[in-house]
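Here is the structure we will look at, set down as structure tokens.
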Amino acid sequence: MINKRLLYLFFLLLVLTGCDVIDGPTRQEANNQNPLPQDSVVKKVFLEDYTGHTCGNCPAAARLIYNTIKPMYGDRVVSLGVHAGYFAETCPPHTYPSNSAWPAYSTDFNTPAGTRWFDDYNIQFSPNGMVNRVKVGGNFAVATPQWTVRVAALLQLPPEMGIQITADYDASDRLVSTTAVVKTIKDINATCNLVLCIAEDNVKDWQLDYDINPSVPPNYKNNPDYIHRFVLRAAVNGTEGFGEQIIAGNASTGTVVSKSYSYTLPVSWNADECYIIAFVYDATTKEVLQVEEIRLK
């Protein structure tokens, strides 16, 4: 772990000069190393699935992502399951779905960031989503049938920046140390924020699923072994999900920003299934300009 961190710090010293934000192209060293070479950067799309464990239609939306969209585009689509709103309430106080009782639906998947996004972007109901937080018909929220078309269209756009994430995990104290390096590959004229999140994949817990055969006992449409995919667990740099400003109005091609953070994983999270997701968005339009993810371990 120490060796990997030292190597990465050495790498950054070769390619970054001065402080975090560099107002212009970075200086090239004699060995011509450069983070995120322009010809290696591809446009990626951020697909947010707003869901809830008592939303019986939500599993079909998740299956669309993981059975159709992700297999089609691979790692060019970064997905996040955001539990927020009415259907994400725990039971109680939420009314138990028919044929269920405690401890069903008692896990709280809500987060301050997810709730803030749900409210600020007027998601209103689940299943619902956002694709790069681009407005469609004046709304950020995009209904499930539109996800595939919107993803395909946005992937045709050229990238404006690249993101490189590294992370170390110390199992003794469950401390995550992560660094995101952002590099512009064209001139940017916008105020931009960087957000880092932690997601946990393959979380087994209760889910109301209307696609379950209702004649199958004992739980009928209540599935205690449902696998929740890429659940938003926390926003690392700012609990409410606004992130940190990294570009203040403009940045020329080749500008590099490096930000490092640490976060302690709660013992209830499976570190083997955790991912770091980083995205940069335009603070005015709210559009996500680039997104990246890495597996923690």
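Starting from 1 in every chain, residues are counted up; chains themselves are A, B, ... following the order of the structure tokens, and ligands are numbered from 1 as listed.
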Can you pull out the residues contacting His228 of chain A? Cut-off 10 Å, using only C-alpha atoms, and skip same-chain residues under 2 positions away; I want them as a PyMOL selection string. chain A and resi 53+59+62+81+200-207+225-226+230-231
Exercise: segment 117-121 of chain A partners within 7 Å, only C-alpha atoms, chain neighbours under 6 positions left out, as a PyMOL selection string: chain A and resi 84-85+140
Could you work out how far atom CA of Thr166 of chain A lies from atom CA of Asn250 of chain A, giving the answer in Å with one decimal?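 These two atoms are separated by 25.7 Å.
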Taking only C-alpha atoms into account, name the residue in A:Arg229, A:Lys286, A:Lys183, A:Lys221 that is nearest to Val257 of chain A. A:Lys183
Find the residue from A:Ile165, A:Leu47, A:Val41, A:Leu289 that sits nearest to Thr178 of chain A; use only C-alpha atoms when measuring.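 Residue with the minimum atom-to-atom distance to Thr178 of chain A: A:Ile165.
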Considering only C-alpha atoms, can you say which of A:Tyr263, A:Phe87, A:Tyr281, A:Trp102 comes closest to Val182 of chain A?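 Under the stated criterion, the closest residue is A:Tyr281.
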Polymer residues at most 10 Å from Arg150 of chain A, only C-alpha atoms, same-chain spacing of 3 or more positions, as a PDB file with C-alpha atoms, in the first residue's frame:
ATOM      1  CA  VAL A  45     -22.171   9.356 -19.021  1.00  0.00           C
ATOM      2  CA  LEU A  47     -26.848   7.681 -15.064  1.00  0.00           C
ATOM      3  CA  MET A 130     -31.078  11.873 -14.549  1.00  0.00           C
ATOM      4  CA  VAL A 131     -28.684  11.364 -17.436  1.00  0.00           C
ATOM      5  CA  ASN A 132     -25.692  13.679 -16.993  1.00  0.00           C
ATOM      6  CA  VAL A 134     -29.062  17.453 -18.710  1.00  0.00           C
ATOM      7  CA  VAL A 136     -35.071  17.349 -21.152  1.00  0.00           C
ATOM      8  CA  VAL A 142     -35.829  11.648 -17.170  1.00  0.00           C
ATOM      9  CA  PRO A 145     -38.152   4.728 -21.175  1.00  0.00           C
ATOM     10  CA  GLN A 146     -35.928   7.651 -22.213  1.00  0.00           C
ATOM     11  CA  TRP A 147     -32.750   6.491 -20.500  1.00  0.00           C
ATOM     12  CA  ALA A 153     -27.052  10.663 -27.609  1.00  0.00           C
ATOM     13  CA  LEU A 154     -24.743  12.011 -24.915  1.00  0.00           C
ATOM     14  CA  LEU A 155     -22.070   9.420 -25.616  1.00  0.00           C
TER      15      LEU A 155
END
Backbone-only DSSP, helix (DSSP H, G or I) members of segment 92-289 of chain A, as a PDB file with C-alpha atoms, in the first residue's frame:
ATOM      1  CA  PRO A 112     -28.092  13.662   2.869  1.00  0.00           C
ATOM      2  CA  ALA A 113     -26.698  14.046  -0.668  1.00  0.00           C
ATOM      3  CA  GLY A 114     -29.314  11.798  -2.264  1.00  0.00           C
ATOM      4  CA  THR A 115     -32.158  13.578  -0.500  1.00  0.00           C
ATOM      5  CA  ARG A 116     -30.797  16.987  -1.479  1.00  0.00           C
ATOM      6  CA  TRP A 117     -30.463  15.931  -5.139  1.00  0.00           C
ATOM      7  CA  PHE A 118     -33.969  14.433  -5.115  1.00  0.00           C
ATOM      8  CA  ASP A 119     -35.394  17.744  -3.876  1.00  0.00           C
ATOM      9  CA  ASP A 120     -33.191  20.203  -5.788  1.00  0.00           C
ATOM     10  CA  THR A 144     -37.122   5.291 -17.510  1.00  0.00           C
ATOM     11  CA  PRO A 145     -38.152   4.728 -21.175  1.00  0.00           C
ATOM     12  CA  GLN A 146     -35.928   7.651 -22.213  1.00  0.00           C
ATOM     13  CA  TRP A 147     -32.750   6.491 -20.500  1.00  0.00           C
ATOM     14  CA  THR A 148     -31.361   4.394 -23.341  1.00  0.00           C
ATOM     15  CA  VAL A 149     -31.903   7.102 -25.965  1.00  0.00           C
ATOM     16  CA  ARG A 150     -30.445   9.850 -23.791  1.00  0.00           C
ATOM     17  CA  VAL A 151     -27.361   7.807 -22.926  1.00  0.00           C
ATOM     18  CA  ALA A 152     -26.729   7.004 -26.591  1.00  0.00           C
ATOM     19  CA  ALA A 153     -27.052  10.663 -27.609  1.00  0.00           C
ATOM     20  CA  LEU A 154     -24.743  12.011 -24.915  1.00  0.00           C
ATOM     21  CA  ALA A 271     -15.374  -2.744   1.485  1.00  0.00           C
ATOM     22  CA  ASP A 272     -14.930  -5.441  -1.174  1.00  0.00           C
ATOM     23  CA  GLU A 273     -17.988  -4.069  -2.984  1.00  0.00           C
TER      24      GLU A 273
END
Provide the atom CA of Gly138 of chain A to atom CA of Leu64 of chain A distance in Å, to one decimal place.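 Straight-line distance from atom CA of Gly138 of chain A to atom CA of Leu64 of chain A works out to 24.2 Å.
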Env of Asp49 of chain A: 7 Å cut, atoms = only C-alpha atoms, seq-sep filter 6 positions within chain, self excluded. Answer as a PyMOL selection string. chain A and resi 80-82+128-129
To test your reading of the structure, identify every residue in segment 55-289 of chain A that backbone DSSP assigns to strand (DSSP E), and report it as a ChimeraX atom specification. /A:77-83,128-131,161-170,175-184,191-200,203-208,222-228,231-235,244-248,256-264,274-282,288-289
Residues near Ile276 of chain A, cut-off 9 Å, only C-alpha atoms, skip fewer than 5 positions along chain, as a PyMOL selection string: chain A and resi 165-167+178+196-199+292-296
What gap, in Å, lies between atom CA of Ser106 of chain A and atom CA of Ala235 of chain A?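 It comes out at 22.2 Å.
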With distances taken over only C-alpha atoms, which residue among A:Ile123, A:Val77, A:Leu265, A:Leu208 lies nearest Ile227 of chain A?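 Of A:Ile123, A:Val77, A:Leu265, A:Leu208, the one nearest Ile227 of chain A is A:Leu208, counting only C-alpha atoms.
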Pick from A:Ser40, A:Asn67, A:Asn193, A:Gln156: nearest to Gly243 of chain A, with only C-alpha atoms counted?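 Closest candidate: A:Asn193.
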Residue neighbourhood Cys58 of chain A, 8 Å, only C-alpha atoms, exclusion window fewer than 6 positions, as a PDB file with C-alpha atoms, in the first residue's frame:
ATOM      1  CA  THR A  51     -35.196   4.438  -6.419  1.00  0.00           C
ATOM      2  CA  GLY A  52     -36.678   3.126  -3.184  1.00  0.00           C
ATOM      3  CA  SER A 126     -39.502   6.732  -8.425  1.00  0.00           C
ATOM      4  CA  PRO A 127     -38.395   5.148 -10.639  1.00  0.00           C
ATOM      5  CA  ASP A 209     -40.760  -6.086  -6.929  1.00  0.00           C
TER       6      ASP A 209
END
Close residues, Lys259 of chain A itself excluded, 9 Å, only C-alpha atoms, min 2 positions apart in chain, as JSON, numbers by chain: {"A": [20, 178, 179, 180, 181, 182, 194, 246, 257, 261]}
Written file, previous selection with N, CA and C atoms, as a CSV table (one decimal), in the first residue's frame:
chain,number,residue,atom,x,y,z
A,20,ASP,N,-3.0,23.2,-6.4
A,20,ASP,CA,-4.0,22.3,-7.0
A,20,ASP,C,-4.4,22.7,-8.3
A,178,THR,N,-8.2,8.8,-1.1
A,178,THR,CA,-8.4,8.8,-2.5
A,178,THR,C,-8.0,10.2,-3.1
A,179,THR,N,-7.6,10.1,-4.3
A,179,THR,CA,-7.2,11.3,-5.0
A,179,THR,C,-7.8,11.3,-6.4
A,180,ALA,N,-8.4,12.5,-6.8
A,180,ALA,CA,-8.9,12.6,-8.1
A,180,ALA,C,-8.1,13.7,-8.9
A,181,VAL,N,-7.6,13.4,-10.1
A,181,VAL,CA,-6.9,14.3,-10.9
A,181,VAL,C,-7.8,14.6,-12.1
A,182,VAL,N,-8.1,15.9,-12.3
A,182,VAL,CA,-9.0,16.3,-13.4
A,182,VAL,C,-8.1,17.1,-14.4
A,194,LEU,N,-16.3,19.6,-8.4
A,194,LEU,CA,-15.9,18.1,-8.3
A,194,LEU,C,-16.7,17.5,-7.2
A,246,ILE,N,-13.6,23.6,-8.5
A,246,ILE,CA,-12.2,23.3,-9.0
A,246,ILE,C,-11.9,24.2,-10.2
A,257,VAL,N,-6.1,19.7,-12.1
A,257,VAL,CA,-6.5,19.9,-10.8
A,257,VAL,C,-6.4,18.6,-10.0
A,261,TYR,N,-8.8,13.3,-0.6
A,261,TYR,CA,-9.7,13.2,0.5
A,261,TYR,C,-9.5,11.9,1.2
Out of A:Ile163, A:Ile69, A:Cys192, A:Val176, which residue has the shortest atom-to-atom distance to Cys274 of chain A when counting only C-alpha atoms?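 Among the listed residues, the smallest separation from Cys274 of chain A belongs to A:Val176.
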